[in-house]
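Structure below is structure07.cif: mmCIF, C-alpha atoms and all ligand atoms.
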data_upload
#
loop_
_atom_site.group_PDB
_atom_site.id
_atom_site.type_symbol
_atom_site.label_atom_id
_atom_site.label_comp_id
_atom_site.auth_asym_id
_atom_site.auth_seq_id
_atom_site.Cartn_x
_atom_site.Cartn_y
_atom_site.Cartn_z
ATOM 1 C CA MET A 21 14.500 -13.263 14.807
ATOM 2 C CA LEU A 22 13.810 -16.998 14.816
ATOM 3 C CA VAL A 23 13.662 -19.187 11.705
ATOM 4 C CA LEU A 24 11.986 -22.624 11.800
ATOM 5 C CA THR A 25 10.867 -25.072 9.138
ATOM 6 C CA THR A 26 7.869 -27.399 9.039
ATOM 7 C CA THR A 27 7.324 -30.266 6.619
ATOM 8 C CA GLU A 28 3.573 -30.875 6.891
ATOM 9 C CA PRO A 29 0.377 -28.951 7.776
ATOM 10 C CA GLU A 30 0.021 -30.628 11.173
ATOM 11 C CA GLU A 31 3.505 -29.483 12.168
ATOM 12 C CA THR A 32 2.589 -25.880 11.323
ATOM 13 C CA ARG A 33 -0.589 -26.213 13.385
ATOM 14 C CA GLN A 34 1.434 -27.558 16.317
ATOM 15 C CA LEU A 35 3.879 -24.695 16.025
ATOM 16 C CA GLY A 36 0.910 -22.337 16.250
ATOM 17 C CA GLU A 37 -0.208 -24.156 19.388
ATOM 18 C CA LYS A 38 3.220 -23.713 20.985
ATOM 19 C CA LEU A 39 3.169 -20.032 20.096
ATOM 20 C CA GLY A 40 -0.364 -19.680 21.450
ATOM 21 C CA SER A 41 0.588 -21.282 24.763
ATOM 22 C CA LEU A 42 3.067 -18.427 25.353
ATOM 23 C CA LEU A 43 0.460 -15.670 24.961
ATOM 24 C CA LYS A 44 -1.080 -13.812 27.891
ATOM 25 C CA GLY A 45 -3.679 -11.605 26.192
ATOM 26 C CA GLY A 46 -3.403 -8.325 24.344
ATOM 27 C CA GLU A 47 -0.957 -9.627 21.747
ATOM 28 C CA VAL A 48 -1.212 -8.779 18.041
ATOM 29 C CA ILE A 49 0.256 -11.213 15.511
ATOM 30 C CA PHE A 50 0.518 -10.536 11.783
ATOM 31 C CA LEU A 51 0.815 -13.579 9.522
ATOM 32 C CA SER A 52 2.504 -12.823 6.252
ATOM 33 C CA GLY A 53 2.944 -15.031 3.194
ATOM 34 C CA PRO A 54 1.310 -15.851 -0.157
ATOM 35 C CA LEU A 55 -2.007 -17.637 -0.750
ATOM 36 C CA GLY A 56 -1.831 -21.166 0.617
ATOM 37 C CA ALA A 57 1.298 -20.504 2.691
ATOM 38 C CA GLY A 58 -0.262 -21.872 5.874
ATOM 39 C CA LYS A 59 -1.361 -18.727 7.722
ATOM 40 C CA THR A 60 -4.744 -20.186 8.615
ATOM 41 C CA GLN A 61 -3.108 -23.465 9.667
ATOM 42 C CA LEU A 62 -0.927 -21.552 12.111
ATOM 43 C CA ALA A 63 -3.939 -19.523 13.309
ATOM 44 C CA LYS A 64 -5.865 -22.744 14.058
ATOM 45 C CA GLY A 65 -3.008 -23.892 16.285
ATOM 46 C CA ILE A 66 -2.935 -20.584 18.153
ATOM 47 C CA ALA A 67 -6.706 -20.830 18.712
ATOM 48 C CA ALA A 68 -6.347 -24.375 20.056
ATOM 49 C CA ALA A 69 -3.883 -23.146 22.688
ATOM 50 C CA LEU A 70 -6.360 -20.458 23.761
ATOM 51 C CA LYS A 71 -8.907 -23.255 24.250
ATOM 52 C CA VAL A 72 -11.255 -22.145 21.506
ATOM 53 C CA GLU A 73 -13.700 -24.988 20.955
ATOM 54 C CA LYS A 74 -15.445 -23.838 17.787
ATOM 55 C CA GLU A 75 -13.775 -24.689 14.505
ATOM 56 C CA VAL A 76 -11.673 -21.799 13.211
ATOM 57 C CA THR A 77 -12.440 -20.996 9.584
ATOM 58 C CA SER A 78 -10.943 -18.386 7.308
ATOM 59 C CA PRO A 79 -12.567 -14.944 7.784
ATOM 60 C CA THR A 80 -11.844 -13.933 4.193
ATOM 61 C CA PHE A 81 -15.361 -12.638 3.493
ATOM 62 C CA THR A 82 -16.259 -11.426 6.974
ATOM 63 C CA LEU A 83 -12.881 -9.704 7.670
ATOM 64 C CA ILE A 84 -13.125 -10.489 11.412
ATOM 65 C CA ASN A 85 -14.207 -13.641 13.244
ATOM 66 C CA GLN A 86 -14.430 -13.597 17.036
ATOM 67 C CA TYR A 87 -14.160 -16.718 19.153
ATOM 68 C CA ARG A 88 -14.532 -17.249 22.846
ATOM 69 C CA GLY A 89 -11.687 -19.294 24.289
ATOM 70 C CA GLU A 90 -11.573 -20.811 27.746
ATOM 71 C CA LYS A 91 -8.095 -19.326 28.254
ATOM 72 C CA LEU A 92 -8.288 -16.236 26.020
ATOM 73 C CA ASN A 93 -10.572 -14.945 23.301
ATOM 74 C CA PHE A 94 -9.405 -15.157 19.721
ATOM 75 C CA TYR A 95 -9.858 -12.429 17.111
ATOM 76 C CA HIS A 96 -9.067 -13.693 13.640
ATOM 77 C CA MET A 97 -8.817 -11.143 10.850
ATOM 78 C CA ASP A 98 -8.168 -11.545 7.122
ATOM 79 C CA PHE A 99 -7.798 -8.433 4.967
ATOM 80 C CA TYR A 100 -7.251 -10.149 1.622
ATOM 81 C CA ARG A 101 -10.544 -8.833 0.289
ATOM 82 C CA LEU A 102 -10.408 -5.420 1.896
ATOM 83 C CA GLN A 103 -11.875 -2.846 -0.485
ATOM 84 C CA SER A 104 -10.116 0.237 0.874
ATOM 85 C CA PRO A 105 -8.052 1.379 3.877
ATOM 86 C CA ALA A 106 -11.088 3.467 4.884
ATOM 87 C CA GLU A 107 -13.115 0.273 5.281
ATOM 88 C CA ALA A 108 -10.547 -1.016 7.784
ATOM 89 C CA ALA A 109 -10.461 2.285 9.662
ATOM 90 C CA GLU A 110 -14.185 1.825 10.346
ATOM 91 C CA LEU A 111 -13.693 -1.568 11.968
ATOM 92 C CA GLY A 112 -12.279 -0.081 15.177
ATOM 93 C CA LEU A 113 -9.259 -2.375 15.201
ATOM 94 C CA GLU A 114 -7.763 -0.806 18.352
ATOM 95 C CA GLU A 115 -10.650 -2.292 20.314
ATOM 96 C CA TYR A 116 -9.309 -5.731 19.436
ATOM 97 C CA PHE A 117 -5.578 -4.959 19.459
ATOM 98 C CA TYR A 118 -5.580 -3.554 22.990
ATOM 99 C CA ASP A 119 -8.017 -6.043 24.512
ATOM 100 C CA ASP A 120 -6.162 -8.006 27.207
ATOM 101 C CA THR A 121 -8.846 -10.683 27.271
ATOM 102 C CA GLY A 122 -7.977 -11.757 23.748
ATOM 103 C CA VAL A 123 -5.324 -12.330 21.115
ATOM 104 C CA THR A 124 -5.545 -10.841 17.619
ATOM 105 C CA VAL A 125 -4.204 -12.762 14.628
ATOM 106 C CA VAL A 126 -4.220 -10.967 11.271
ATOM 107 C CA GLU A 127 -3.812 -12.490 7.801
ATOM 108 C CA TRP A 128 -3.028 -10.119 4.926
ATOM 109 C CA GLY A 129 -2.190 -7.341 7.397
ATOM 110 C CA GLU A 130 -0.019 -5.759 4.692
ATOM 111 C CA ASN A 131 -3.287 -4.293 3.368
ATOM 112 C CA ILE A 132 -3.721 -2.231 6.560
ATOM 113 C CA ARG A 133 -0.058 -1.401 7.164
ATOM 114 C CA GLU A 134 -0.885 2.147 8.333
ATOM 115 C CA LEU A 135 -3.078 0.736 11.124
ATOM 116 C CA TRP A 136 -0.467 -1.571 12.688
ATOM 117 C CA PRO A 137 0.265 -0.930 16.374
ATOM 118 C CA GLU A 138 3.758 0.058 17.458
ATOM 119 C CA GLU A 139 4.603 -3.381 18.847
ATOM 120 C CA TYR A 140 3.612 -6.753 17.365
ATOM 121 C CA LEU A 141 4.872 -10.127 16.226
ATOM 122 C CA MET A 142 5.147 -10.622 12.489
ATOM 123 C CA VAL A 143 5.349 -14.213 11.289
ATOM 124 C CA GLU A 144 6.466 -14.735 7.718
ATOM 125 C CA ILE A 145 5.727 -18.039 5.974
ATOM 126 C CA GLU A 146 7.569 -18.911 2.765
ATOM 127 C CA TYR A 147 7.281 -21.924 0.503
ATOM 128 C CA LYS A 148 8.120 -23.226 -2.923
ATOM 129 C CA ASP A 149 5.285 -24.340 -5.196
ATOM 130 C CA GLY A 150 4.250 -27.945 -4.866
ATOM 131 C CA GLY A 151 6.201 -28.762 -1.721
ATOM 132 C CA GLU A 152 5.092 -29.199 1.877
ATOM 133 C CA GLU A 153 8.098 -27.512 3.421
ATOM 134 C CA ARG A 154 7.511 -24.128 4.990
ATOM 135 C CA THR A 155 10.115 -21.684 6.243
ATOM 136 C CA ILE A 156 8.621 -19.723 9.115
ATOM 137 C CA THR A 157 10.377 -16.607 10.371
ATOM 138 C CA PHE A 158 9.363 -14.806 13.564
ATOM 139 C CA HIS A 159 10.023 -11.069 13.582
ATOM 140 C CA PRO A 160 9.209 -9.572 17.016
ATOM 141 C CA ARG A 161 8.777 -5.839 17.400
ATOM 142 C CA GLY A 162 9.097 -4.716 21.041
ATOM 143 C CA SER A 163 10.418 -6.435 24.193
ATOM 144 C CA ARG A 164 7.168 -8.242 24.998
ATOM 145 C CA TYR A 165 7.248 -10.005 21.641
ATOM 146 C CA ARG A 166 10.977 -10.723 21.854
ATOM 147 C CA GLN A 167 10.167 -12.593 25.093
ATOM 148 C CA VAL A 168 7.514 -14.623 23.293
ATOM 149 C CA VAL A 169 9.927 -15.589 20.511
ATOM 150 C CA LYS A 170 12.574 -16.477 23.089
ATOM 151 C CA GLY A 171 10.031 -18.715 24.798
ATOM 152 C CA LEU A 172 9.225 -20.386 21.502
ATOM 153 C CA GLN A 173 12.904 -21.002 20.797
ATOM 154 C CA GLU A 174 13.285 -22.651 24.212
ATOM 155 C CA LYS A 175 10.230 -24.838 23.590
ATOM 156 C CA LYS A 176 11.650 -26.260 20.362
HETATM 157 N N1 LIG B 201 4.118 -27.456 6.105
HETATM 158 C C1 LIG B 201 2.876 -26.970 5.856
HETATM 159 N N2 LIG B 201 2.338 -26.072 6.709
HETATM 160 C C2 LIG B 201 1.109 -25.560 6.495
HETATM 161 N N3 LIG B 201 0.328 -25.875 5.464
HETATM 162 C C3 LIG B 201 0.807 -26.777 4.579
HETATM 163 C C4 LIG B 201 2.093 -27.359 4.742
HETATM 164 N N4 LIG B 201 2.301 -28.202 3.714
HETATM 165 C C5 LIG B 201 1.203 -28.163 2.958
HETATM 166 N N5 LIG B 201 0.289 -27.312 3.467
HETATM 167 C C6 LIG B 201 -1.029 -27.016 2.851
HETATM 168 O O1 LIG B 201 -1.033 -25.663 2.456
HETATM 169 C C7 LIG B 201 -2.334 -25.107 2.647
HETATM 170 C C8 LIG B 201 -2.260 -23.912 3.590
HETATM 171 O O2 LIG B 201 -3.527 -23.341 3.643
HETATM 172 P P1 LIG B 201 -3.893 -22.113 4.556
HETATM 173 O O3 LIG B 201 -5.354 -21.884 4.358
HETATM 174 O O4 LIG B 201 -3.390 -22.303 5.931
HETATM 175 O O5 LIG B 201 -3.060 -20.956 3.834
HETATM 176 P P2 LIG B 201 -3.192 -19.389 4.016
HETATM 177 O O6 LIG B 201 -1.803 -18.876 4.108
HETATM 178 O O7 LIG B 201 -4.101 -19.086 5.147
HETATM 179 O O8 LIG B 201 -3.833 -18.914 2.635
HETATM 180 P P3 LIG B 201 -4.798 -17.666 2.322
HETATM 181 O O9 LIG B 201 -3.912 -16.522 1.954
HETATM 182 O O10 LIG B 201 -5.628 -18.150 1.177
HETATM 183 O O11 LIG B 201 -5.619 -17.372 3.539
HETATM 184 C C9 LIG B 201 -3.223 -26.196 3.200
HETATM 185 O O12 LIG B 201 -3.910 -26.796 2.135
HETATM 186 C C10 LIG B 201 -2.212 -27.179 3.799
HETATM 187 O O13 LIG B 201 -2.680 -28.508 3.797
HETATM 188 MG MG MG B 202 -5.862 -18.038 5.331
#
Rewrite the structure of this file - the entire thing - as structure tokens.
Amino acid sequence: MLVLTTTEPEETRQLGEKLGSLLKGGEVIFLSGPLGAGKTQLAKGIAAALKVEKEVTSPTFTLINQYRGEKLNFYHMDFYRLQSPAEAAELGLEEYFYDDTGVTVVEWGENIRELWPEEYLMVEIEYKDGGEERTITFHPRGSRYRQVVKGLQEKK
């Protein structure tokens, strides 16, 4: 487990970029935290590291946005508005999760908890109302993700 703090949006984006630079493809990252925590900010940084040129926008209404990156593809999911677990089951999430040519980043993954793979990185973002400080905790599950978090710690 690694705990870091950021004090402005740009710092959270940069942290995402550092995290993204450590990815090799086939990783699944769940971003957890309340509305406005900074999940999409972090996701934008990850996408930048994968060399995604298109602007990354929140997939709240589309559930999944796919981007081609020069380094790796980027699959951005947001299940805030998911109607039912059955709706998610129909999306064929495994196709994304186990695709080595891309990285999957999921916001509001708590709404599809039963569909999570065995190994993943969960990133928890906490904040107090009104402030710009964010406490960001990295919870790796599995040795591959522990390596990623170790790499991030060494980059700091
Ligand atoms: N340290 C910080 N890190 C990230 N965002 C910050 C920080 N301080 C302030 N902010 C602001 O908080 C907001 C975070 O928005 P963002 O869309 O990334 O949140 P989110 O967690 O994706 O929310 P949602 O659940 O609605 O998708 C932005 O308006 C950003 O400018
Ligand atoms: Mg968001």
Q: All residues within 7 Å of ligand MG 202 (chain B) are required, counting only C-alpha atoms and all ligand atoms; please report them as a PyMOL selection string.
A: chain A and resi 56+58-60+78+127
Can you write out the residues you just picked, keeping C-alpha atoms, as a short mmCIF file (atom, residue, chain, number, x, y, z; two decimals), keeping the file's coordinate frame?
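Listing of again.cif after writing:
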data_model
loop_
_atom_site.label_atom_id
_atom_site.label_comp_id
_atom_site.auth_asym_id
_atom_site.auth_seq_id
_atom_site.Cartn_x
_atom_site.Cartn_y
_atom_site.Cartn_z
CA GLY A 56 -1.83 -21.17 0.62
CA GLY A 58 -0.26 -21.87 5.87
CA LYS A 59 -1.36 -18.73 7.72
CA THR A 60 -4.74 -20.19 8.62
CA SER A 78 -10.94 -18.39 7.31
CA GLU A 127 -3.81 -12.49 7.80
#
Written as a PDB file with C-alpha atoms, in the coordinates of the input, which residues does the PyMOL selection byres (((not hetatm)) within 7 of (chain B and resi 201)) give for the file shown?
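Writing done, so here's part19.pdb:
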ATOM      1  CA  THR A  26       7.869 -27.399   9.039  1.00  0.00           C
ATOM      2  CA  THR A  27       7.324 -30.266   6.619  1.00  0.00           C
ATOM      3  CA  GLU A  28       3.573 -30.875   6.891  1.00  0.00           C
ATOM      4  CA  PRO A  29       0.377 -28.951   7.776  1.00  0.00           C
ATOM      5  CA  GLU A  30       0.021 -30.628  11.173  1.00  0.00           C
ATOM      6  CA  GLU A  31       3.505 -29.483  12.168  1.00  0.00           C
ATOM      7  CA  THR A  32       2.589 -25.880  11.323  1.00  0.00           C
ATOM      8  CA  GLY A  53       2.944 -15.031   3.194  1.00  0.00           C
ATOM      9  CA  PRO A  54       1.310 -15.851  -0.157  1.00  0.00           C
ATOM     10  CA  LEU A  55      -2.007 -17.637  -0.750  1.00  0.00           C
ATOM     11  CA  GLY A  56      -1.831 -21.166   0.617  1.00  0.00           C
ATOM     12  CA  ALA A  57       1.298 -20.504   2.691  1.00  0.00           C
ATOM     13  CA  GLY A  58      -0.262 -21.872   5.874  1.00  0.00           C
ATOM     14  CA  LYS A  59      -1.361 -18.727   7.722  1.00  0.00           C
ATOM     15  CA  THR A  60      -4.744 -20.186   8.615  1.00  0.00           C
ATOM     16  CA  GLN A  61      -3.108 -23.465   9.667  1.00  0.00           C
ATOM     17  CA  LEU A  62      -0.927 -21.552  12.111  1.00  0.00           C
ATOM     18  CA  SER A  78     -10.943 -18.386   7.308  1.00  0.00           C
ATOM     19  CA  GLU A 127      -3.812 -12.490   7.801  1.00  0.00           C
ATOM     20  CA  GLY A 151       6.201 -28.762  -1.721  1.00  0.00           C
ATOM     21  CA  GLU A 152       5.092 -29.199   1.877  1.00  0.00           C
ATOM     22  CA  GLU A 153       8.098 -27.512   3.421  1.00  0.00           C
ATOM     23  CA  ARG A 154       7.511 -24.128   4.990  1.00  0.00           C
TER      24      ARG A 154
END
Q: Rank A:Phe99, A:Tyr116, A:Tyr147, A:Phe158 by their smallest atom-to-atom distance to Thr82 (chain A), using only C-alpha atoms, and report the top residue only.
A: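 Result for the nearest residue to Thr82 (chain A): A:Phe99.
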(Q) Can you tell me which residues surround Val143 (chain A) at a distance of at most 7 Å, considering all atoms listed in the file, apart from same-chain residues fewer than 3 positions away, and format the answer as number ranges by chain? (A) A: 50-52, 156-159
Q: Using CA of Gln86 (chain A) and CA of Ile145 (chain A) as the two end points, give the distance in Å to one decimal.
A: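 Calculated distance between CA of Gln86 (chain A) and CA of Ile145 (chain A) is 23.4 Å.
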Q: Could you expand the PyMOL selection byres (((chain A and resi 73) around 10) and not hetatm) into the explicit residues it covers here, written as a PyMOL selection string?
A: chain A and resi 67-68+70-72+74-76+87-90
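The gap separating CA of Gln167 (chain A) from CA of Pro79 (chain A) is 28.7 Å, in Å to one decimal.
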**Q.** Residues returned when the PyMOL selection byres (((chain A and resi 37) around 8) and not hetatm) runs on this file, as JSON, numbers by chain
**A.** {"A": [33, 34, 35, 36, 38, 39, 40, 41, 62, 64, 65, 66, 67, 68, 69]}
Arg161 (chain A) surroundings by only C-alpha atoms, 12 Å radius, close-in-sequence under 4 positions cut, as a compact mmCIF listing (two decimals) with C-alpha atoms, in the frame of the given file:
# COMPACT_ATOMS: atom_id res chain seq x y z
CA MET A 21 14.50 -13.26 14.81
CA GLU A 47 -0.96 -9.63 21.75
CA VAL A 48 -1.21 -8.78 18.04
CA ILE A 49 0.26 -11.21 15.51
CA PHE A 50 0.52 -10.54 11.78
CA TRP A 136 -0.47 -1.57 12.69
CA PRO A 137 0.26 -0.93 16.37
CA GLU A 138 3.76 0.06 17.46
CA GLU A 139 4.60 -3.38 18.85
CA TYR A 140 3.61 -6.75 17.36
CA LEU A 141 4.87 -10.13 16.23
CA MET A 142 5.15 -10.62 12.49
CA VAL A 143 5.35 -14.21 11.29
CA TYR A 165 7.25 -10.01 21.64
CA ARG A 166 10.98 -10.72 21.85
CA GLN A 167 10.17 -12.59 25.09
CA VAL A 168 7.51 -14.62 23.29
CA VAL A 169 9.93 -15.59 20.51
Q) What separation in Å, quoted to one decimal, exists between CA of Met97 (chain A) and CA of Leu83 (chain A)? A)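 Here the two named atoms are 5.4 Å from each other.
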Q.
Which residues are close to Ser104 (chain A), i.e. within 12 Å by all atoms listed in the file, leaving aside same-chain residues fewer than 5 positions away? Reply as a list in words.
A.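 These residues fall inside the cut-off: Phe99, Ala109, Glu110, Leu111, Asn131, Ile132 and Arg133 of chain A.
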Q) Given the choices A:Leu92, A:Leu102, A:Leu42, A:Ala108, which gets closest to Lys175 (chain A) if the distance is worked out from only C-alpha atoms? A)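 Counting only C-alpha atoms, the residue closest to Lys175 (chain A) is A:Leu42.
By only C-alpha atoms, and with residues fewer than 5 positions from Arg101 (chain A) along its chain excluded, the set lying at most 9 Å from it is Thr80, Phe81, Leu83 and Trp128 of chain A.
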Expected file: the selected residues, C-alpha atoms, as a PDB file, in the coordinates of the input:
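Writing done, so here's result_39.pdb:
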ATOM      1  CA  THR A  80     -11.844 -13.933   4.193  1.00  0.00           C
ATOM      2  CA  PHE A  81     -15.361 -12.638   3.493  1.00  0.00           C
ATOM      3  CA  LEU A  83     -12.881  -9.704   7.670  1.00  0.00           C
ATOM      4  CA  TRP A 128      -3.028 -10.119   4.926  1.00  0.00           C
TER       5      TRP A 128
END
For region 126-132 of chain A, what centre and edge lengths in Å (one decimal) does the axis-aligned box get once 8 Å is added on each side of all its listed atoms, as JSON?
{"center_x": -2.1, "center_y": -7.4, "center_z": 7.3, "size_x": 20.2, "size_y": 26.3, "size_z": 23.9}
Q: Determine the nearest neighbour of Gly112 (chain A) from the options A:Asp98, A:Glu144, A:Leu135, A:Asn93, counting all atoms listed in the file.
A: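 Among the listed residues, the smallest separation from Gly112 (chain A) belongs to A:Leu135.
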